[in-house]
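**Q** Structure supplied as entry_3.cif; contents: mmCIF, C-alpha atoms.
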```
data_target
#
loop_
_atom_site.label_atom_id
_atom_site.label_comp_id
_atom_site.auth_asym_id
_atom_site.auth_seq_id
_atom_site.Cartn_x
_atom_site.Cartn_y
_atom_site.Cartn_z
CA MET A 1 -23.62 -14.48 -4.27
CA SER A 2 -22.67 -13.26 -7.66
CA PHE A 3 -24.03 -16.17 -9.64
CA PRO A 4 -25.48 -14.64 -12.78
CA HIS A 5 -29.26 -14.69 -12.70
CA ARG A 6 -29.54 -15.60 -16.33
CA HIS A 7 -28.06 -18.99 -15.58
CA LEU A 8 -30.65 -19.71 -12.98
CA LEU A 9 -33.72 -18.29 -14.68
CA GLY A 10 -33.05 -18.99 -18.33
CA ILE A 11 -31.52 -22.39 -18.58
CA GLU A 12 -32.96 -22.96 -22.10
CA PRO A 13 -30.33 -20.95 -24.01
CA LEU A 14 -27.63 -23.26 -22.62
CA GLU A 15 -26.28 -25.68 -25.15
CA PRO A 16 -25.94 -29.36 -24.29
CA ALA A 17 -22.17 -28.94 -24.29
CA HIS A 18 -22.44 -26.24 -21.62
CA ILE A 19 -24.69 -28.35 -19.47
CA GLU A 20 -22.25 -31.22 -19.80
CA THR A 21 -19.38 -28.97 -18.67
CA ILE A 22 -21.37 -27.80 -15.66
CA LEU A 23 -22.22 -31.35 -14.68
CA ASP A 24 -18.61 -32.44 -15.13
CA THR A 25 -17.42 -29.60 -12.92
CA ALA A 26 -19.95 -30.54 -10.27
CA GLN A 27 -18.81 -34.14 -10.48
CA ASN A 28 -15.16 -33.15 -10.13
CA LEU A 29 -15.97 -31.00 -7.08
CA ARG A 30 -17.88 -33.91 -5.60
CA GLU A 31 -14.85 -36.16 -6.04
CA ILE A 32 -12.54 -33.59 -4.50
CA LEU A 33 -14.87 -33.17 -1.53
CA ASP A 34 -15.01 -36.92 -1.01
CA ARG A 35 -11.24 -37.23 -1.08
CA PRO A 36 -9.98 -38.09 2.38
CA ILE A 37 -7.47 -35.65 3.84
CA LYS A 38 -4.84 -37.74 5.54
CA LYS A 39 -2.19 -37.11 8.13
CA VAL A 40 -3.57 -33.94 9.67
CA PRO A 41 -3.05 -34.10 13.43
CA ALA A 42 -5.33 -32.32 15.89
CA LEU A 43 -4.39 -28.68 15.57
CA ARG A 44 -6.12 -26.98 18.44
CA GLY A 45 -3.70 -24.71 20.31
CA LYS A 46 -0.73 -25.59 18.09
CA THR A 47 1.48 -23.46 15.91
CA VAL A 48 1.07 -24.74 12.38
CA VAL A 49 3.60 -24.05 9.66
CA LEU A 50 2.02 -24.37 6.23
CA VAL A 51 4.57 -25.42 3.65
CA ASP A 52 4.20 -24.76 -0.06
CA ASP A 53 6.55 -24.67 -3.01
CA VAL A 54 5.62 -21.39 -4.68
CA LEU A 55 3.82 -18.34 -3.29
CA PHE A 56 2.09 -16.45 -6.09
CA SER A 57 -1.39 -14.89 -5.82
CA GLY A 58 -1.90 -16.08 -2.25
CA ARG A 59 -5.19 -17.76 -3.12
CA THR A 60 -3.85 -21.24 -2.41
CA THR A 61 -2.64 -20.12 0.99
CA ARG A 62 -6.01 -18.63 1.83
CA ALA A 63 -7.77 -21.83 0.84
CA ALA A 64 -5.28 -23.83 2.92
CA MET A 65 -5.93 -21.61 5.97
CA ASP A 66 -9.63 -22.25 5.52
CA ALA A 67 -9.13 -25.99 5.30
CA LEU A 68 -6.89 -25.93 8.39
CA ASN A 69 -9.57 -24.19 10.41
CA ASP A 70 -11.83 -27.18 9.81
CA PHE A 71 -9.39 -29.25 11.89
CA GLY A 72 -9.58 -27.13 14.99
CA ARG A 73 -8.40 -23.62 15.65
CA PRO A 74 -4.61 -23.48 15.63
CA LYS A 75 -3.01 -20.96 17.95
CA ARG A 76 -0.99 -19.64 15.06
CA ILE A 77 -0.52 -20.35 11.36
CA GLN A 78 2.75 -19.50 9.69
CA LEU A 79 3.71 -19.89 6.08
CA ALA A 80 6.95 -21.29 4.67
CA VAL A 81 7.59 -21.28 0.92
CA LEU A 82 10.55 -22.29 -1.18
CA VAL A 83 9.96 -19.53 -3.74
CA ASP A 84 8.07 -16.23 -3.46
CA ARG A 85 7.48 -15.04 -7.00
CA GLY A 86 5.40 -11.93 -6.21
CA HIS A 87 2.12 -10.85 -7.89
CA ARG A 88 0.06 -11.17 -4.74
CA GLU A 89 -3.70 -10.77 -5.10
CA LEU A 90 -4.46 -11.15 -1.40
CA PRO A 91 -2.86 -9.52 1.67
CA ILE A 92 -0.81 -12.63 2.46
CA LYS A 93 2.87 -12.86 3.32
CA ALA A 94 5.19 -15.74 3.98
CA ASP A 95 6.96 -15.98 7.33
CA PHE A 96 9.79 -18.02 5.84
CA VAL A 97 11.00 -17.62 2.27
CA GLY A 98 13.64 -19.73 0.56
CA LYS A 99 14.21 -17.30 -2.26
CA ASN A 100 12.47 -14.24 -3.65
CA VAL A 101 12.28 -14.57 -7.41
CA PRO A 102 10.97 -11.59 -9.35
CA THR A 103 8.93 -13.02 -12.22
CA ALA A 104 6.69 -11.91 -15.03
CA ARG A 105 3.08 -12.96 -14.71
CA GLU A 106 3.25 -15.27 -17.75
CA GLU A 107 6.31 -17.13 -16.53
CA LYS A 108 5.96 -20.42 -14.75
CA ILE A 109 7.93 -21.92 -11.91
CA LEU A 110 8.27 -25.67 -11.93
CA LEU A 111 9.48 -27.63 -8.97
CA GLN A 112 11.04 -31.03 -9.55
CA LEU A 113 11.55 -33.27 -6.56
CA VAL A 114 13.39 -36.52 -6.19
CA GLU A 115 10.39 -37.85 -4.28
CA ALA A 116 8.24 -37.23 -7.34
CA GLY A 117 10.54 -39.19 -9.61
CA ALA A 118 12.82 -36.41 -10.88
CA ALA A 119 16.50 -37.14 -11.44
CA ARG A 120 17.42 -34.36 -9.02
CA ASP A 121 15.81 -31.56 -7.04
CA GLU A 122 15.35 -28.54 -9.24
CA VAL A 123 13.43 -25.28 -9.45
CA ILE A 124 12.94 -24.15 -13.02
CA LEU A 125 11.80 -20.75 -14.25
CA LYS A 126 10.01 -21.27 -17.52
CA LYS A 127 9.66 -18.33 -19.90
CA PRO A 128 6.46 -18.31 -21.94
CA MET B 1 -5.05 10.90 11.84
CA THR B 2 -6.21 13.18 9.04
CA ARG B 3 -2.68 13.39 7.65
CA THR B 4 -2.18 9.64 7.90
CA LEU B 5 -5.43 8.90 6.07
CA SER B 6 -4.53 11.48 3.45
CA ARG B 7 -1.21 9.74 2.86
CA ILE B 8 -2.78 6.28 2.64
CA GLY B 9 -5.46 7.60 0.28
CA HIS B 10 -2.79 8.94 -2.05
CA GLU B 11 -0.82 5.70 -1.85
CA ILE B 12 -3.91 3.76 -2.91
CA LEU B 13 -4.53 6.15 -5.79
CA GLU B 14 -0.89 5.97 -6.86
CA ARG B 15 -1.14 2.18 -7.22
CA HIS B 16 -4.64 2.19 -8.70
CA PRO B 17 -5.20 5.27 -10.86
CA ASP B 18 -8.41 3.81 -12.34
CA VAL B 19 -10.84 4.70 -9.55
CA ARG B 20 -13.77 3.00 -11.29
CA ARG B 21 -12.08 -0.36 -10.83
CA LEU B 22 -11.41 0.33 -7.16
CA ALA B 23 -13.63 -0.27 -4.14
CA LEU B 24 -13.01 0.42 -0.46
CA VAL B 25 -14.64 -1.89 2.04
CA GLY B 26 -14.54 -1.00 5.73
CA ILE B 27 -14.67 -3.67 8.41
CA ARG B 28 -17.27 -2.83 11.06
CA SER B 29 -17.24 -0.87 13.06
CA ARG B 30 -14.22 1.47 13.00
CA GLY B 31 -13.13 0.51 9.51
CA VAL B 32 -16.27 1.90 7.92
CA PRO B 33 -15.80 5.62 8.73
CA LEU B 34 -12.11 5.24 7.87
CA ALA B 35 -13.04 3.79 4.45
CA GLN B 36 -15.41 6.70 3.85
CA ARG B 37 -12.71 9.22 4.70
CA LEU B 38 -10.21 7.49 2.42
CA ALA B 39 -12.81 7.61 -0.35
CA ARG B 40 -13.12 11.37 0.15
CA VAL B 41 -9.36 11.80 0.01
CA ILE B 42 -9.19 9.79 -3.21
CA GLY B 43 -12.21 11.65 -4.60
CA ALA B 44 -10.62 15.02 -3.91
CA ALA B 45 -7.43 13.99 -5.72
CA ALA B 46 -8.89 12.00 -8.61
CA GLY B 47 -12.23 13.71 -9.20
CA THR B 48 -14.18 10.49 -8.71
CA GLU B 49 -14.81 8.76 -5.42
CA PRO B 50 -14.37 4.99 -5.34
CA ALA B 51 -17.30 2.81 -4.25
CA VAL B 52 -17.45 2.25 -0.50
CA GLY B 53 -18.94 -0.74 1.30
CA ALA B 54 -19.14 -2.16 4.80
CA LEU B 55 -18.42 -5.66 5.99
CA ASP B 56 -19.70 -7.22 9.18
CA ILE B 57 -17.53 -10.22 9.93
CA ALA B 58 -19.05 -11.26 13.26
CA LEU B 59 -20.42 -14.53 11.86
CA TYR B 60 -17.26 -15.37 9.97
CA ARG B 61 -14.90 -15.28 12.92
CA ASP B 62 -13.44 -18.63 13.89
CA ASP B 63 -14.07 -17.85 17.56
CA PHE B 64 -17.43 -16.17 17.38
CA THR B 65 -19.05 -18.70 19.67
CA SER B 66 -16.65 -17.82 22.47
CA LEU B 67 -17.19 -14.07 22.25
CA ALA B 68 -20.91 -13.91 22.81
CA ALA B 69 -23.84 -16.26 22.67
CA GLN B 70 -25.55 -14.07 20.13
CA PRO B 71 -23.11 -12.15 18.00
CA ILE B 72 -24.36 -8.65 17.38
CA THR B 73 -24.39 -8.03 13.67
CA LYS B 74 -24.96 -4.72 12.03
CA GLY B 75 -25.03 -6.19 8.59
CA THR B 76 -22.89 -6.14 5.53
CA ASP B 77 -23.55 -3.42 3.04
CA ILE B 78 -21.97 -3.78 -0.38
CA VAL B 79 -24.33 -2.47 -3.04
CA PHE B 80 -21.95 -2.73 -5.98
CA SER B 81 -20.44 -5.69 -7.76
CA ILE B 82 -16.90 -6.46 -6.61
CA ASP B 83 -16.23 -8.77 -9.57
CA GLY B 84 -13.02 -7.84 -11.34
CA ARG B 85 -12.32 -4.90 -9.02
CA THR B 86 -9.46 -4.21 -6.70
CA VAL B 87 -10.96 -4.21 -3.24
CA VAL B 88 -9.10 -2.44 -0.46
CA LEU B 89 -10.18 -3.71 2.95
CA VAL B 90 -9.98 -0.99 5.58
CA ASP B 91 -9.68 -1.57 9.31
CA ASP B 92 -8.49 0.40 12.29
CA VAL B 93 -6.04 -2.03 13.90
CA LEU B 94 -4.19 -5.03 12.47
CA PHE B 95 -3.37 -7.45 15.28
CA THR B 96 -3.61 -11.25 14.98
CA GLY B 97 -4.91 -11.15 11.42
CA ARG B 98 -7.96 -13.23 12.27
CA THR B 99 -10.37 -10.40 11.54
CA VAL B 100 -8.79 -9.95 8.13
CA ARG B 101 -8.98 -13.66 7.37
CA ALA B 102 -12.68 -13.61 8.23
CA ALA B 103 -13.17 -10.55 6.04
CA LEU B 104 -11.36 -12.23 3.13
CA ASP B 105 -13.65 -15.22 3.45
CA GLN B 106 -16.74 -13.09 3.38
CA LEU B 107 -15.57 -10.95 0.47
CA ILE B 108 -14.76 -14.01 -1.60
CA ASP B 109 -18.26 -15.31 -0.90
CA PHE B 110 -19.54 -12.06 -2.37
CA GLY B 111 -17.89 -12.29 -5.73
CA ARG B 112 -14.62 -12.55 -7.55
CA PRO B 113 -12.50 -9.50 -6.88
CA ALA B 114 -9.42 -9.24 -9.08
CA ARG B 115 -7.36 -8.44 -6.05
CA ILE B 116 -7.80 -7.72 -2.36
CA GLU B 117 -5.50 -5.32 -0.52
CA LEU B 118 -5.45 -4.26 3.10
CA ALA B 119 -5.19 -0.78 4.62
CA VAL B 120 -4.94 -0.29 8.39
CA LEU B 121 -4.45 2.73 10.58
CA VAL B 122 -2.34 0.87 13.13
CA ASP B 123 -0.32 -2.31 12.76
CA ARG B 124 0.34 -3.47 16.31
CA GLY B 125 2.12 -6.74 15.50
CA HIS B 126 1.53 -10.18 17.09
CA ARG B 127 0.29 -11.82 13.93
CA GLU B 128 -1.18 -15.31 14.27
CA LEU B 129 -1.82 -15.75 10.54
CA PRO B 130 0.38 -15.04 7.51
CA ILE B 131 -1.40 -11.74 6.79
CA ARG B 132 0.21 -8.40 6.00
CA ALA B 133 -1.13 -4.96 5.23
CA ASP B 134 -0.43 -3.15 1.95
CA TYR B 135 -0.95 0.28 3.50
CA VAL B 136 -0.07 1.02 7.13
CA GLY B 137 -0.77 4.25 8.97
CA ARG B 138 1.65 3.52 11.74
CA ALA B 139 3.38 0.44 13.04
CA LEU B 140 3.13 0.36 16.81
CA ALA B 141 5.21 -1.92 19.01
CA THR B 142 2.83 -3.24 21.63
CA SER B 143 2.74 -5.96 24.21
CA ARG B 144 0.03 -8.56 24.13
CA ASP B 145 -1.62 -7.35 27.33
CA GLU B 146 -2.22 -3.93 25.85
CA ALA B 147 -5.19 -2.81 23.83
CA VAL B 148 -5.19 -0.24 21.05
CA PRO B 149 -8.65 1.29 20.88
CA VAL B 150 -9.11 3.66 17.98
CA LEU B 151 -11.69 6.38 18.40
CA VAL B 152 -13.17 8.09 15.37
CA GLN B 153 -15.24 11.24 15.11
CA GLU B 154 -18.17 9.48 13.44
CA GLU B 155 -18.64 6.88 16.17
CA ASP B 156 -16.99 8.28 19.27
CA GLY B 157 -17.07 12.05 18.81
CA ARG B 158 -13.30 12.42 18.50
CA ASP B 159 -10.29 11.08 16.63
CA GLN B 160 -7.79 9.33 18.85
CA VAL B 161 -5.54 6.32 18.97
CA LEU B 162 -4.95 5.10 22.51
CA LEU B 163 -2.61 2.55 23.96
CA THR B 164 -4.02 1.04 27.12
CA ARG B 165 -3.02 -1.75 29.43
CA LEU B 166 -5.54 -4.44 30.21
CA ALA B 167 -6.12 -5.20 33.89
CA ALA B 168 -6.10 -8.96 33.55
CA THR B 169 -5.36 -11.50 30.88
CA GLY B 170 -8.40 -12.96 29.23
CA LYS B 171 -9.89 -9.55 28.62
CA ARG B 172 -7.55 -9.23 25.69
CA ALA B 173 -9.73 -11.30 23.43
CA ALA B 174 -12.82 -9.43 24.49
CA ALA B 175 -11.27 -6.03 23.94
CA ARG B 176 -9.65 -7.06 20.71
CA ARG B 177 -12.77 -6.96 18.68
CA GLN B 178 -16.27 -6.77 19.93
CA PRO B 179 -18.89 -6.64 17.26
CA SER B 180 -20.58 -3.54 18.62
CA GLY B 181 -19.73 -0.19 20.14
CA ASN B 182 -18.45 -1.12 23.59
CA ARG B 183 -14.89 -1.79 22.49
CA GLN B 184 -13.32 0.34 25.17
CA PRO B 185 -11.37 -2.18 27.22
CA SER B 186 -12.61 -2.55 30.75
CA GLY B 187 -9.07 -2.53 32.09
CA LYS B 188 -7.48 0.52 33.62
CA ARG B 189 -5.83 2.95 31.32
CA LYS B 190 -2.13 3.20 31.80
CA PRO B 191 -1.38 6.46 33.61
CA SER B 192 1.18 7.32 30.97
CA ALA B 193 -0.98 6.12 28.10
CA ARG B 194 0.71 7.12 24.91
CA ARG B 195 -1.85 8.95 22.93
CA ARG B 196 -2.02 10.46 19.55
CA THR B 197 -4.69 12.89 18.46
CA ARG B 198 -5.48 14.32 15.08
#
```
Output the file's structure in the form of structure tokens.

**A**
Amino acid sequence: MSFPHRHLLGIEPLEPAHIETILDTAQNLREILDRPIKKVPALRGKTVVLVDDVLFSGRTTRAAMDALNDFGRPKRIQLAVLVDRGHRELPIKADFVGKNVPTAREEKILLQLVEAGAARDEVILKKP
Amino acid sequence: MTRTLSRIGHEILERHPDVRRLALVGIRSRGVPLAQRLARVIGAAAGTEPAVGALDIALYRDDFTSLAAQPITKGTDIVFSIDGRTVVLVDDVLFTGRTVRAALDQLIDFGRPARIELAVLVDRGHRELPIRADYVGRALATSRDEAVPVLVQEEDGRDQVLLTRLAATGKRAAARRQPSGNRQPSGKRKPSARRRTR
């Protein structure tokens, strides 16, 4: 692991604010871990299509693959995204892409869905 | 094979001219000598060789219990920090993508690379995960009941990519990736095995 040794061996130089941040982070992780994951059927032997709105670095997809593997070993995992905006940091590709949108790294893509209370479905490219 | 590796080496260098921020990590066992050769190609062209490491993914596979009771591990060997670097994973054959997923997991446990890319000598298709290679030696159309053993000088005494047919189903998984040296599929070799040498 790459955890810096100075954190482990010399905890004194840490300011109270730092320690508070660390504890908060740990608490947040704890809450996330305790969150129940609903509506995931048994996956063993199935083809699973992961669906996400935007494919960017690929890190979310990797984490999702990991989480899926905890629910049994699917025969196959495919990836469907509405927008592929490039800038991959992992060797991940989508099997189904709604639209390829070349973007700058600083830009943001916002997805508005009727289900989430938006007036209408919309994909917005936000310049910095 | 030499020409292919030379081309891939130059492609990597073209995308990442700063060799000090680059690291090649071979996946055991055939990926390791390939990573070392790529490092030599890059070193010859850039003057500096990138750092080279080895990854043993036997314990990270999602099916390791079904391959062998005791997975044979030769150990992972990464003596440099991968934090902030571009890491190029190197393997001989890209097939289902499960090996690569396991390798990604292990690498991310090791540190925080800025970016992970994938270089393979042969992409034989049949992906079961949304994985793709950034650098491909050759894409090979294969059927599922074939095996593509890659032989390398350092481990097998010669450089060769074979295409062989497996005798029965079920051996596919075993031949796909065994942790140790006996990767030669036990099935009969196709009489007309397509073969490619240096």

**Q** Taking a cut-off of 6 Å and counting all atoms listed in the file, can you build a table that, for each residue of chain B near chain A, reports the nearest atom pair and how far apart they are in Å (one decimal), sorted by chain then residue number, as a Markdown table?

**A**
```
| residue | atom | partner | partner_atom | distance |
| --- | --- | --- | --- | --- |
| B:Phe110 | CA | A:Met1 | CA | 5.1 |
| B:Gly111 | CA | A:Ser2 | CA | 5.2 |
| B:Arg115 | CA | A:Glu89 | CA | 4.4 |
| B:Ile116 | CA | A:Leu90 | CA | 4.9 |
| B:Glu117 | CA | A:Pro91 | CA | 5.4 |
| B:Glu128 | CA | A:Arg76 | CA | 4.4 |
| B:Leu129 | CA | A:Ile77 | CA | 4.8 |
| B:Pro130 | CA | A:Lys93 | CA | 5.3 |
| B:Ile131 | CA | A:Ile92 | CA | 4.5 |
| B:Arg132 | CA | A:Pro91 | CA | 5.4 |
```

**Q** Around the point (-7.4, 4.3, 12.1) in the file's coordinates, collect all residues with an atom within 10 Å, using all atoms listed in the file, and return them as an mmCIF file with C-alpha atoms, in the frame of the given file.

**A**
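Saved as selection00.cif:
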```cif
data_model
loop_
_atom_site.group_PDB
_atom_site.id
_atom_site.type_symbol
_atom_site.label_atom_id
_atom_site.label_comp_id
_atom_site.auth_asym_id
_atom_site.auth_seq_id
_atom_site.Cartn_x
_atom_site.Cartn_y
_atom_site.Cartn_z
ATOM 1 C CA MET B 1 -5.050 10.900 11.840
ATOM 2 C CA THR B 2 -6.210 13.180 9.040
ATOM 3 C CA THR B 4 -2.180 9.640 7.900
ATOM 4 C CA LEU B 5 -5.430 8.900 6.070
ATOM 5 C CA ARG B 30 -14.220 1.470 13.000
ATOM 6 C CA GLY B 31 -13.130 0.510 9.510
ATOM 7 C CA PRO B 33 -15.800 5.620 8.730
ATOM 8 C CA LEU B 34 -12.110 5.240 7.870
ATOM 9 C CA ALA B 35 -13.040 3.790 4.450
ATOM 10 C CA VAL B 90 -9.980 -0.990 5.580
ATOM 11 C CA ASP B 91 -9.680 -1.570 9.310
ATOM 12 C CA ASP B 92 -8.490 0.400 12.290
ATOM 13 C CA VAL B 93 -6.040 -2.030 13.900
ATOM 14 C CA LEU B 94 -4.190 -5.030 12.470
ATOM 15 C CA ALA B 119 -5.190 -0.780 4.620
ATOM 16 C CA VAL B 120 -4.940 -0.290 8.390
ATOM 17 C CA LEU B 121 -4.450 2.730 10.580
ATOM 18 C CA VAL B 122 -2.340 0.870 13.130
ATOM 19 C CA ASP B 123 -0.320 -2.310 12.760
ATOM 20 C CA VAL B 136 -0.070 1.020 7.130
ATOM 21 C CA GLY B 137 -0.770 4.250 8.970
ATOM 22 C CA ARG B 138 1.650 3.520 11.740
ATOM 23 C CA PRO B 149 -8.650 1.290 20.880
ATOM 24 C CA VAL B 150 -9.110 3.660 17.980
ATOM 25 C CA LEU B 151 -11.690 6.380 18.400
ATOM 26 C CA VAL B 152 -13.170 8.090 15.370
ATOM 27 C CA ASP B 159 -10.290 11.080 16.630
ATOM 28 C CA GLN B 160 -7.790 9.330 18.850
ATOM 29 C CA VAL B 161 -5.540 6.320 18.970
#
```

**Q** List as a compact mmCIF listing (two decimals) with C-alpha atoms, keeping the file's coordinate frame: which residues have an atom within 12 Å of (2.5, -12.6, -17.4), counting all atoms listed in the file?

**A**
```txt
# COMPACT_ATOMS: atom_id res chain seq x y z
CA PHE A 56 2.09 -16.45 -6.09
CA ARG A 85 7.48 -15.04 -7.00
CA GLY A 86 5.40 -11.93 -6.21
CA HIS A 87 2.12 -10.85 -7.89
CA PRO A 102 10.97 -11.59 -9.35
CA THR A 103 8.93 -13.02 -12.22
CA ALA A 104 6.69 -11.91 -15.03
CA ARG A 105 3.08 -12.96 -14.71
CA GLU A 106 3.25 -15.27 -17.75
CA GLU A 107 6.31 -17.13 -16.53
CA LYS A 108 5.96 -20.42 -14.75
CA LYS A 126 10.01 -21.27 -17.52
CA LYS A 127 9.66 -18.33 -19.90
CA PRO A 128 6.46 -18.31 -21.94
```

**Q** Return as a list of chain:residue names the set of residues that the PyMOL selection byres ((chain A and resi 122-124) around 7) yields on the displayed structure.

**A**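 Selected by the PyMOL selection byres ((chain A and resi 122-124) around 7) here: A:Ile109, A:Leu110, A:Leu111, A:Gln112, A:Leu113, A:Arg120, A:Asp121, A:Leu125, A:Lys126.
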
**Q** List, as a ChimeraX atom specification, every residue that the PyMOL selection byres ((chain B and resi 53) around 8) selects in the file provided.

**A** /B:23-26,32,51-52,54-55,76-79

**Q** Identify all residues satisfying the PyMOL selection byres ((chain B and resi 103-106) around 8) in the given file; provide them as number ranges by chain.

**A** B: 27, 55-57, 60, 99-102, 107-110, 116

**Q** Kindly indicate which residue among B:Val148, B:Glu154, B:Ala133, B:Arg3 lies nearest to Gln36 in chain B, using only C-alpha atoms for the distances.

**A**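 Counting only C-alpha atoms, the residue closest to Gln36 in chain B is B:Glu154.
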
**Q** Could you please determine the separation between CA of Ala45 in chain B and CA of Leu140 in chain B in Å, to one decimal place?

**A**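 Separation of CA of Ala45 in chain B and CA of Leu140 in chain B: 28.4 Å.
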
**Q** Quick one: pull the distance between CA of Arg112 in chain B and CA of Ser81 in chain B, Å, one decimal.

**A**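 Between these atoms lies a distance of 9.0 Å.
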
**Q** When you draw a straight line from CA of Val81 in chain A to CA of Leu89 in chain B, how long is it in Å?

**A**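 That distance, rounded to one decimal, is 25.1 Å.
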
**Q** Residues near Thr48 in chain B, anyone? I mean within 10 Å using only C-alpha atoms, not counting same-chain ones fewer than 3 positions away, as a PyMOL selection string.

**A** chain B and resi 18-20+39-40+42-45+51

**Q** Which residue gives the smallest distance to Asp83 in chain B among B:Pro113, B:Ser29, B:Gly157, B:Ala139, with all atoms listed in the file counted?

**A**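 For Asp83 in chain B, the nearest of the given residues is B:Pro113.
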
**Q** Complete range 77-91 of chain B at the level of N, CA, C and O atoms, written as a PDB file, keeping the file's coordinate frame.

**A**
```
ATOM      1  N   ASP B  77     -22.902  -4.365   3.929  1.00  0.00           N
ATOM      2  CA  ASP B  77     -23.550  -3.420   3.040  1.00  0.00           C
ATOM      3  C   ASP B  77     -22.638  -3.149   1.853  1.00  0.00           C
ATOM      4  O   ASP B  77     -21.796  -2.260   1.904  1.00  0.00           O
ATOM      5  N   ILE B  78     -22.762  -3.994   0.840  1.00  0.00           N
ATOM      6  CA  ILE B  78     -21.970  -3.780  -0.380  1.00  0.00           C
ATOM      7  C   ILE B  78     -22.969  -3.774  -1.535  1.00  0.00           C
ATOM      8  O   ILE B  78     -23.492  -4.811  -1.921  1.00  0.00           O
ATOM      9  N   VAL B  79     -23.243  -2.588  -2.056  1.00  0.00           N
ATOM     10  CA  VAL B  79     -24.330  -2.470  -3.040  1.00  0.00           C
ATOM     11  C   VAL B  79     -23.826  -2.521  -4.478  1.00  0.00           C
ATOM     12  O   VAL B  79     -24.598  -2.406  -5.399  1.00  0.00           O
ATOM     13  N   PHE B  80     -22.507  -2.695  -4.634  1.00  0.00           N
ATOM     14  CA  PHE B  80     -21.950  -2.730  -5.980  1.00  0.00           C
ATOM     15  C   PHE B  80     -21.339  -4.104  -6.226  1.00  0.00           C
ATOM     16  O   PHE B  80     -21.134  -4.864  -5.273  1.00  0.00           O
ATOM     17  N   SER B  81     -21.064  -4.418  -7.465  1.00  0.00           N
ATOM     18  CA  SER B  81     -20.440  -5.690  -7.760  1.00  0.00           C
ATOM     19  C   SER B  81     -18.932  -5.567  -7.546  1.00  0.00           C
ATOM     20  O   SER B  81     -18.309  -4.616  -8.000  1.00  0.00           O
ATOM     21  N   ILE B  82     -18.343  -6.525  -6.836  1.00  0.00           N
ATOM     22  CA  ILE B  82     -16.900  -6.460  -6.610  1.00  0.00           C
ATOM     23  C   ILE B  82     -16.160  -7.281  -7.658  1.00  0.00           C
ATOM     24  O   ILE B  82     -14.942  -7.326  -7.657  1.00  0.00           O
ATOM     25  N   ASP B  83     -16.885  -7.920  -8.573  1.00  0.00           N
ATOM     26  CA  ASP B  83     -16.230  -8.770  -9.570  1.00  0.00           C
ATOM     27  C   ASP B  83     -15.244  -7.969 -10.411  1.00  0.00           C
ATOM     28  O   ASP B  83     -15.580  -6.924 -10.955  1.00  0.00           O
ATOM     29  N   GLY B  84     -14.033  -8.464 -10.498  1.00  0.00           N
ATOM     30  CA  GLY B  84     -13.020  -7.840 -11.340  1.00  0.00           C
ATOM     31  C   GLY B  84     -12.419  -6.572 -10.759  1.00  0.00           C
ATOM     32  O   GLY B  84     -11.545  -5.978 -11.365  1.00  0.00           O
ATOM     33  N   ARG B  85     -12.876  -6.126  -9.593  1.00  0.00           N
ATOM     34  CA  ARG B  85     -12.320  -4.900  -9.020  1.00  0.00           C
ATOM     35  C   ARG B  85     -11.162  -5.198  -8.087  1.00  0.00           C
ATOM     36  O   ARG B  85     -11.005  -6.325  -7.607  1.00  0.00           O
ATOM     37  N   THR B  86     -10.395  -4.150  -7.809  1.00  0.00           N
ATOM     38  CA  THR B  86      -9.460  -4.210  -6.700  1.00  0.00           C
ATOM     39  C   THR B  86     -10.187  -3.733  -5.473  1.00  0.00           C
ATOM     40  O   THR B  86     -10.704  -2.633  -5.446  1.00  0.00           O
ATOM     41  N   VAL B  87     -10.274  -4.577  -4.470  1.00  0.00           N
ATOM     42  CA  VAL B  87     -10.960  -4.210  -3.240  1.00  0.00           C
ATOM     43  C   VAL B  87      -9.923  -3.928  -2.170  1.00  0.00           C
ATOM     44  O   VAL B  87      -9.054  -4.759  -1.919  1.00  0.00           O
ATOM     45  N   VAL B  88      -9.982  -2.744  -1.571  1.00  0.00           N
ATOM     46  CA  VAL B  88      -9.100  -2.440  -0.460  1.00  0.00           C
ATOM     47  C   VAL B  88      -9.906  -2.568   0.825  1.00  0.00           C
ATOM     48  O   VAL B  88     -10.851  -1.819   1.057  1.00  0.00           O
ATOM     49  N   LEU B  89      -9.557  -3.557   1.634  1.00  0.00           N
ATOM     50  CA  LEU B  89     -10.180  -3.710   2.950  1.00  0.00           C
ATOM     51  C   LEU B  89      -9.605  -2.648   3.874  1.00  0.00           C
ATOM     52  O   LEU B  89      -8.393  -2.402   3.859  1.00  0.00           O
ATOM     53  N   VAL B  90     -10.456  -2.023   4.666  1.00  0.00           N
ATOM     54  CA  VAL B  90      -9.980  -0.990   5.580  1.00  0.00           C
ATOM     55  C   VAL B  90     -10.363  -1.361   7.003  1.00  0.00           C
ATOM     56  O   VAL B  90     -11.511  -1.684   7.276  1.00  0.00           O
ATOM     57  N   ASP B  91      -9.380  -1.321   7.908  1.00  0.00           N
ATOM     58  CA  ASP B  91      -9.680  -1.570   9.310  1.00  0.00           C
ATOM     59  C   ASP B  91      -8.841  -0.640  10.166  1.00  0.00           C
ATOM     60  O   ASP B  91      -7.869  -0.058   9.687  1.00  0.00           O
TER      61      ASP B  91
END
```
